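Peer 1: Structure file target.cif (mmCIF, C-alpha atoms and all ligand atoms) right here:
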data_coords
#
loop_
_atom_site.label_atom_id
_atom_site.label_comp_id
_atom_site.auth_asym_id
_atom_site.auth_seq_id
_atom_site.Cartn_x
_atom_site.Cartn_y
_atom_site.Cartn_z
CA MET A 647 -212.87 -72.45 -143.65
CA LEU A 648 -210.30 -73.84 -146.06
CA ARG A 649 -211.03 -77.44 -147.02
CA ARG A 650 -208.39 -80.03 -147.81
CA PRO A 651 -208.90 -82.28 -150.83
CA ALA A 652 -210.12 -85.73 -149.74
CA GLY A 653 -207.44 -88.33 -149.18
CA ARG A 654 -204.54 -85.96 -148.51
CA ALA A 655 -202.62 -86.93 -145.41
CA VAL A 656 -202.44 -84.64 -142.41
CA ILE A 657 -198.91 -84.26 -141.07
CA ASP A 658 -198.99 -83.89 -137.30
CA GLY A 659 -196.61 -81.29 -135.98
CA ALA A 660 -195.52 -79.93 -139.38
CA VAL A 661 -194.55 -76.31 -138.87
CA LEU A 662 -193.15 -73.81 -141.34
CA ASP A 663 -192.38 -71.33 -138.61
CA LEU A 664 -193.25 -67.84 -139.78
CA HIS A 665 -191.97 -65.99 -136.71
CA ASN A 666 -188.73 -66.83 -134.88
CA HIS A 667 -185.29 -65.56 -133.90
CA VAL A 668 -183.14 -68.37 -135.24
CA LEU A 669 -180.58 -66.06 -136.88
CA PHE A 670 -177.78 -65.52 -134.39
CA GLY A 671 -176.32 -62.31 -132.98
CA LEU A 672 -178.97 -59.87 -134.23
CA ASP A 673 -181.43 -59.50 -131.36
CA ASP A 674 -182.59 -61.31 -128.22
CA GLY A 675 -182.71 -64.62 -130.10
CA CYS A 676 -179.88 -67.08 -130.71
CA ARG A 677 -176.50 -65.66 -129.67
CA THR A 678 -174.13 -67.88 -131.67
CA LEU A 679 -174.14 -70.07 -134.76
CA GLU A 680 -173.97 -73.08 -132.43
CA GLU A 681 -177.16 -71.96 -130.72
CA SER A 682 -178.86 -71.52 -134.09
CA GLN A 683 -177.79 -75.04 -135.01
CA ALA A 684 -179.11 -76.51 -131.74
CA LEU A 685 -182.43 -74.70 -132.18
CA CYS A 686 -182.73 -76.10 -135.70
CA ALA A 687 -181.90 -79.65 -134.63
CA ARG A 688 -184.52 -79.60 -131.90
CA ALA A 689 -187.12 -77.95 -134.11
CA ARG A 690 -186.57 -80.54 -136.83
CA ALA A 691 -187.05 -83.31 -134.29
CA ALA A 692 -190.29 -81.64 -133.16
CA GLY A 693 -191.66 -81.60 -136.71
CA HIS A 694 -190.58 -78.27 -138.13
CA VAL A 695 -189.99 -78.20 -141.88
CA GLY A 696 -188.47 -74.74 -141.98
CA PHE A 697 -188.06 -71.24 -140.62
CA VAL A 698 -188.95 -67.83 -141.97
CA ALA A 699 -186.36 -66.00 -139.88
CA THR A 700 -187.74 -62.74 -138.49
CA PRO A 701 -185.13 -60.74 -136.55
CA HIS A 702 -186.39 -57.70 -134.67
CA ILE A 703 -186.16 -54.30 -136.35
CA ARG A 704 -186.83 -51.80 -133.58
CA PRO A 705 -185.07 -48.40 -133.56
CA GLY A 706 -183.34 -47.75 -130.24
CA MET A 707 -183.38 -51.40 -129.21
CA PHE A 708 -182.53 -53.66 -132.15
CA GLU A 709 -180.80 -51.56 -134.82
CA ASN A 710 -181.09 -54.06 -137.65
CA ASP A 711 -181.63 -53.29 -141.31
CA PRO A 712 -182.52 -55.52 -144.27
CA ALA A 713 -178.94 -55.56 -145.63
CA GLY A 714 -177.47 -56.79 -142.33
CA ILE A 715 -180.21 -59.40 -141.92
CA LEU A 716 -179.57 -60.70 -145.45
CA ARG A 717 -175.85 -61.03 -144.67
CA ARG A 718 -176.54 -63.01 -141.50
CA ARG A 719 -178.98 -65.22 -143.39
CA ASP A 720 -176.21 -66.02 -145.87
CA GLU A 721 -173.85 -66.90 -142.99
CA ALA A 722 -176.40 -69.20 -141.33
CA ARG A 723 -177.99 -70.79 -144.38
CA ALA A 724 -175.73 -73.84 -144.73
CA THR A 725 -176.08 -74.66 -141.03
CA VAL A 726 -179.87 -74.45 -141.07
CA GLU A 727 -180.18 -76.45 -144.27
CA ALA A 728 -177.76 -79.11 -142.99
CA GLU A 729 -180.33 -79.77 -140.24
CA GLY A 730 -182.89 -80.53 -142.95
CA LEU A 731 -184.82 -77.26 -142.68
CA GLU A 732 -185.85 -74.64 -145.20
CA LEU A 733 -184.65 -71.12 -144.47
CA HIS A 734 -186.63 -68.10 -145.66
CA LEU A 735 -186.31 -64.51 -144.58
CA GLY A 736 -188.41 -61.73 -143.13
CA ALA A 737 -188.27 -59.36 -140.16
CA GLU A 738 -190.36 -58.44 -137.13
CA TYR A 739 -190.99 -54.70 -137.37
CA TYR A 740 -191.93 -52.80 -134.27
CA PHE A 741 -194.90 -50.49 -134.73
CA CYS A 742 -193.32 -47.02 -134.82
CA PRO A 743 -193.04 -43.99 -137.14
CA GLU A 744 -190.05 -45.51 -138.93
CA LEU A 745 -192.22 -48.45 -139.99
CA LEU A 746 -194.64 -46.22 -141.88
CA ASP A 747 -191.70 -44.30 -143.39
CA GLY A 748 -190.21 -47.59 -144.60
CA ALA A 749 -193.54 -48.65 -146.07
CA ARG A 750 -193.93 -45.40 -147.99
CA GLN A 751 -190.39 -45.79 -149.31
CA ARG A 752 -191.19 -49.41 -150.30
CA ALA A 753 -188.13 -50.46 -148.29
CA LEU A 754 -189.55 -53.11 -145.94
CA LEU A 755 -188.17 -56.64 -145.73
CA THR A 756 -191.26 -58.77 -146.29
CA LEU A 757 -191.97 -62.38 -145.41
CA GLY A 758 -190.18 -64.48 -148.01
CA GLU A 759 -188.56 -61.26 -149.34
CA THR A 760 -190.86 -60.98 -152.36
CA SER A 761 -194.36 -61.10 -150.84
CA ARG A 762 -196.52 -58.15 -149.72
CA PHE A 763 -196.75 -59.53 -146.19
CA VAL A 764 -194.81 -57.84 -143.40
CA LEU A 765 -194.66 -59.00 -139.78
CA VAL A 766 -195.56 -56.16 -137.39
CA GLU A 767 -195.30 -56.16 -133.60
CA LEU A 768 -197.66 -53.88 -131.66
CA PRO A 769 -196.65 -52.48 -128.25
CA THR A 770 -197.48 -54.92 -125.45
CA THR A 771 -198.91 -52.15 -123.27
CA ARG A 772 -201.36 -49.61 -124.69
CA LEU A 773 -202.21 -49.56 -128.34
CA PRO A 774 -200.99 -46.41 -130.08
CA VAL A 775 -203.52 -43.72 -130.94
CA ARG A 776 -205.02 -44.36 -134.39
CA TYR A 777 -203.08 -47.64 -134.77
CA ASP A 778 -205.74 -48.87 -137.17
CA GLU A 779 -205.34 -45.83 -139.41
CA VAL A 780 -201.57 -46.34 -139.53
CA LEU A 781 -202.06 -50.00 -140.43
CA TYR A 782 -204.38 -48.85 -143.19
CA GLU A 783 -201.70 -46.44 -144.42
CA ILE A 784 -199.27 -49.35 -144.57
CA ARG A 785 -201.88 -51.27 -146.59
CA LEU A 786 -202.21 -48.30 -148.96
CA ALA A 787 -198.43 -48.35 -149.44
CA GLY A 788 -198.78 -51.86 -150.84
CA TYR A 789 -198.09 -54.10 -147.84
CA VAL A 790 -200.26 -56.44 -145.81
CA PRO A 791 -199.35 -56.35 -142.10
CA VAL A 792 -199.32 -59.68 -140.27
CA ILE A 793 -199.81 -58.73 -136.63
CA ALA A 794 -197.41 -60.71 -134.44
CA HIS A 795 -198.99 -62.14 -131.28
CA PRO A 796 -201.91 -59.67 -130.93
CA GLU A 797 -203.02 -61.63 -127.85
CA ARG A 798 -199.97 -60.33 -125.97
CA ALA A 799 -201.01 -56.68 -126.37
CA GLN A 800 -202.62 -55.33 -123.22
CA GLY A 801 -204.66 -52.98 -125.37
CA LEU A 802 -206.30 -55.95 -127.10
CA GLN A 803 -206.76 -57.90 -123.88
CA ASP A 804 -208.64 -54.92 -122.38
CA ASP A 805 -211.23 -54.77 -125.17
CA LEU A 806 -210.85 -57.75 -127.46
CA PRO A 807 -214.06 -57.39 -129.49
CA LYS A 808 -213.40 -53.76 -130.33
CA VAL A 809 -209.74 -54.22 -131.27
CA LEU A 810 -210.45 -57.38 -133.26
CA GLY A 811 -213.14 -55.49 -135.14
CA ALA A 812 -210.71 -52.67 -135.94
CA LEU A 813 -208.02 -55.10 -137.14
CA ARG A 814 -210.51 -56.93 -139.33
CA GLN A 815 -211.73 -53.63 -140.73
CA VAL A 816 -208.28 -52.79 -142.11
CA GLU A 817 -207.78 -56.38 -143.38
CA VAL A 818 -204.55 -57.29 -141.63
CA LEU A 819 -203.63 -60.89 -140.77
CA LEU A 820 -203.20 -62.20 -137.23
CA GLN A 821 -200.40 -64.49 -136.03
CA LEU A 822 -200.80 -66.58 -132.89
CA ASP A 823 -197.75 -67.10 -130.71
CA LEU A 824 -198.04 -70.79 -129.84
CA GLY A 825 -196.51 -70.11 -126.42
CA SER A 826 -199.45 -67.88 -125.50
CA LEU A 827 -201.75 -70.91 -125.48
CA ILE A 828 -199.78 -72.60 -122.70
CA GLY A 829 -199.33 -69.55 -120.50
CA HIS A 830 -195.78 -68.73 -121.62
CA TYR A 831 -196.66 -65.00 -121.69
CA GLY A 832 -199.04 -64.87 -118.73
CA ARG A 833 -202.70 -65.41 -118.05
CA GLY A 834 -203.95 -62.40 -119.98
CA ALA A 835 -202.26 -63.51 -123.19
CA LYS A 836 -203.47 -67.09 -122.71
CA LYS A 837 -207.07 -66.02 -122.22
CA ALA A 838 -206.98 -63.67 -125.20
CA ALA A 839 -205.34 -66.33 -127.39
CA GLU A 840 -208.01 -68.87 -126.52
CA GLU A 841 -210.74 -66.37 -127.28
CA LEU A 842 -209.18 -65.45 -130.64
CA VAL A 843 -208.86 -69.13 -131.55
CA LYS A 844 -212.52 -69.67 -130.64
CA ARG A 845 -213.49 -66.70 -132.82
CA GLY A 846 -211.50 -68.09 -135.76
CA ALA A 847 -209.44 -64.91 -135.85
CA TYR A 848 -205.96 -66.27 -136.58
CA HIS A 849 -204.41 -66.80 -139.99
CA VAL A 850 -201.07 -68.19 -138.82
CA ALA A 851 -199.61 -69.90 -135.72
CA ALA A 852 -195.85 -69.65 -135.09
CA GLY A 853 -193.35 -70.42 -132.37
CA ASP A 854 -191.53 -67.10 -131.83
CA LEU A 855 -188.63 -69.33 -130.75
CA HIS A 856 -185.60 -67.53 -129.35
CA ARG A 857 -183.42 -70.29 -127.84
CA PRO A 858 -183.04 -74.08 -128.26
CA ASP A 859 -184.84 -74.79 -124.97
CA ASP A 860 -187.95 -72.98 -126.25
CA VAL A 861 -188.71 -75.83 -128.67
CA LYS A 862 -189.52 -78.52 -126.13
CA ALA A 863 -191.17 -76.06 -123.75
CA ILE A 864 -193.51 -74.58 -126.34
CA ILE A 865 -194.05 -76.55 -129.53
CA PRO A 866 -195.45 -79.99 -128.51
CA PRO A 867 -197.75 -78.79 -125.69
CA ALA A 868 -198.96 -75.76 -127.63
CA LEU A 869 -199.76 -77.75 -130.78
CA ALA A 870 -201.73 -80.24 -128.67
CA ARG A 871 -203.62 -77.39 -127.01
CA LEU A 872 -204.32 -75.74 -130.37
CA ALA A 873 -205.62 -79.02 -131.81
CA LYS A 874 -207.93 -79.42 -128.82
CA LEU A 875 -209.31 -75.88 -129.14
CA LEU A 876 -209.76 -76.22 -132.88
CA GLY A 877 -211.38 -79.61 -132.33
CA LYS A 878 -214.25 -77.76 -130.65
CA ARG A 879 -214.60 -75.84 -133.92
CA LYS A 880 -214.52 -79.19 -135.73
CA VAL A 881 -211.32 -78.34 -137.63
CA GLY A 882 -208.84 -80.11 -135.26
CA PRO A 883 -205.60 -81.37 -136.85
CA GLU A 884 -206.42 -79.97 -140.28
CA GLY A 885 -206.95 -76.57 -138.74
CA VAL A 886 -203.57 -76.78 -137.02
CA ARG A 887 -201.93 -77.59 -140.32
CA THR A 888 -203.66 -74.67 -142.03
CA LEU A 889 -202.24 -72.29 -139.44
CA THR A 890 -198.75 -73.78 -139.08
CA LEU A 891 -197.94 -74.95 -142.59
CA ASP A 892 -200.41 -74.21 -145.38
CA ASN A 893 -200.98 -70.52 -144.66
CA PRO A 894 -197.27 -69.80 -144.11
CA ARG A 895 -196.68 -71.36 -147.56
CA ARG A 896 -199.42 -69.22 -149.07
CA ILE A 897 -197.96 -66.09 -147.49
CA LEU A 898 -194.51 -66.86 -148.89
CA ALA A 899 -196.15 -67.35 -152.29
CA ASP A 900 -197.93 -63.98 -151.95
CA ALA A 901 -201.36 -65.58 -152.11
CA PRO A 902 -204.55 -63.50 -152.35
CA LEU A 903 -206.12 -62.62 -149.00
CA THR A 904 -209.12 -64.77 -149.89
CA ASP A 905 -206.82 -67.81 -149.77
CA LEU A 906 -205.94 -66.99 -146.15
CA VAL A 907 -209.40 -67.30 -144.62
CA PRO A 908 -209.11 -68.07 -140.88
CA VAL A 909 -210.02 -71.58 -139.70
FE FE A 1001 -190.58 -62.30 -132.11
#
Would you encode the structure as structure tokens?

Peer 2:
Amino acid sequence: MLRRPAGRAVIDGAVLDLHNHVLFGLDDGCRTLEESQALCARARAAGHVGFVATPHIRPGMFENDPAGILRRRDEARATVEAEGLELHLGAEYYFCPELLDGARQRALLTLGETSRFVLVELPTTRLPVRYDEVLYEIRLAGYVPVIAHPERAQGLQDDLPKVLGALRQVEVLLQLDLGSLIGHYGRGAKKAAEELVKRGAYHVAAGDLHRPDDVKAIIPPALARLAKLLGKRKVGPEGVRTLTLDNPRRILADAPLTDLVPV
């Protein structure tokens, strides 16, 4: 467990949101600049300090590429910053053959653009054959996958201990979708999320916000639920901050994996 130096204040609700769809017109997230602005205003009021925007990159569904995402970031930057939020960049890569190709070509858009960390979404149904070997291949190519909302994958829900063991074996990071804790993605995801929190499996917690209304529906109740669950592990509010603020900062700074020990 990471320990905070004595006397440092804990900021309730402070989130540097490492997974979201705040950039408009690229995927199933915000549709217009106005929607991006409204999402930012509400997030700021809820305690967010910034976004690491992660538009979907999924061949056949969301045909984005790093160049287009960078352009949209430039178009949205002034609006996000005017709401008092930091704006960093990344992408949410779907787990598919093109992802491994991109890794081998050293062409992936990483979290914060200059880190080794890349957000990867597994299929929500079955896990692909040899998924752990592919993740290891991505590691060998020089990246560290951060698995987006593993609790939402049916394959993990069906055999959590085995899949968690495999993910730990290949030294990837795990990102909790805050909405999973309050049933936003169904009972299976909620149960798996609670179990992973209890096991101290997560390195990051993020909102995966798509629209302005998501903020109020997800962020305050999910942070309260997370604090309660972590309280049972005796890391309560400090544990929340590690997952929502400190570890996202460390990832953007390309910290060593040893600095990202789960709470
Ligand atoms: Fe997402």

Peer 1: May I have the protein, DNA and RNA residues with an atom at most 9 Å from (-194.7, -55.3, -144.4), counting all atoms listed in the file in the file's coordinates, returned as a list in words?

Peer 2: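 Using all atoms listed in the file, the matching residues come out as Ala737, Tyr739, Leu745, Gly748, Ala749, Leu754, Leu755, Thr756, Leu757, Ser761, Arg762, Phe763, Val764, Leu765, Val766, Ile784, Arg785, Gly788, Tyr789, Val790, Pro791 and Val792 of chain A.
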
Peer 1: Kindly provide, as an MDAnalysis selection string, all nucleotide and amino acid residues lying within 10 Å of ligand FE 1001 (chain A), counting all atoms listed in the file.

Peer 2: chainID A and resid 664:667 673:675 699:702 737:740 765:767 794:795 823 852:856

Peer 1: Show me as a ChimeraX atom specification the residues that reach within 10 Å of (-207.3, -53.3, -126.1), counting only C-alpha atoms and using the file's own coordinates.

Peer 2: /A:770-773,796-797,799-810

Peer 1: For CA of Pro867 (chain A) and CA of Ile703 (chain A), quote the distance in Å rounded to one decimal.

Peer 2: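 CA of Ile703 (chain A) lies 29.1 Å from CA of Pro867 (chain A).
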
Peer 1: Could you tell me which of A:Ala692, A:Ala660, A:Leu672, A:Ile865 comes closest to Val886 (chain A) if we count all atoms listed in the file?

Peer 2: A:Ala660

Peer 1: Find, counting only C-alpha atoms, the residue in A:Val818, A:Val695, A:Cys686, A:Met707 that gets nearest to Thr725 (chain A).

Peer 2: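 For Thr725 (chain A), the nearest of the given residues is A:Cys686.
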
Peer 1: Could you check which of A:Ala691, A:Val816, A:Ile897, A:Leu669 is closest to Thr760 (chain A), using only C-alpha atoms?

Peer 2: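 Closest to Thr760 (chain A) of all the choices is A:Ile897.
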
Peer 1: In Å, rounded to a single decimal, give me how far CA of Arg723 (chain A) is from CA of Arg895 (chain A).

Peer 2: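 CA of Arg723 (chain A) lies at a distance of 19.0 Å from CA of Arg895 (chain A).
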
Peer 1: In Å, rounded to a single decimal, give me how far CA of Lys880 (chain A) is from CA of Val698 (chain A).

Peer 2: 28.7 Å

Peer 1: Calculated over only C-alpha atoms, which of the candidates A:Asp778, A:Ala835, A:Leu733, A:Glu783 has the smallest distance to Gln815 (chain A)?

Peer 2: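 Closest to Gln815 (chain A), using only C-alpha atoms: A:Asp778.
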
Peer 1: In terms of the shortest atom-to-atom distance over all atoms listed in the file, which of A:Arg688, A:His849, A:Arg704, A:Arg719 is closest to Thr904 (chain A)?

Peer 2: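 That would be A:His849, the residue with the smallest distance to Thr904 (chain A).
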
Peer 1: For each of A:Pro712, A:Gly811, A:Pro743, A:Gly829, take the minimum atom-to-atom distance to Pro774 (chain A), counting only C-alpha atoms, then give the residue where this is smallest.

Peer 2: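 Among A:Pro712, A:Gly811, A:Pro743, A:Gly829, it is A:Pro743 that comes nearest to Pro774 (chain A).
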
Peer 1: Take every atom of region 854-872 of chain A listed in the file, pad by 8 Å on each side, and give me the axis-aligned box centre and edge lengths in Å, one decimal, as AutoDock Vina command-line options.

Peer 2:
--center_x -193.7 --center_y -73.7 --center_z -127.8 --size_x 37.3 --size_y 29.1 --size_z 24.1
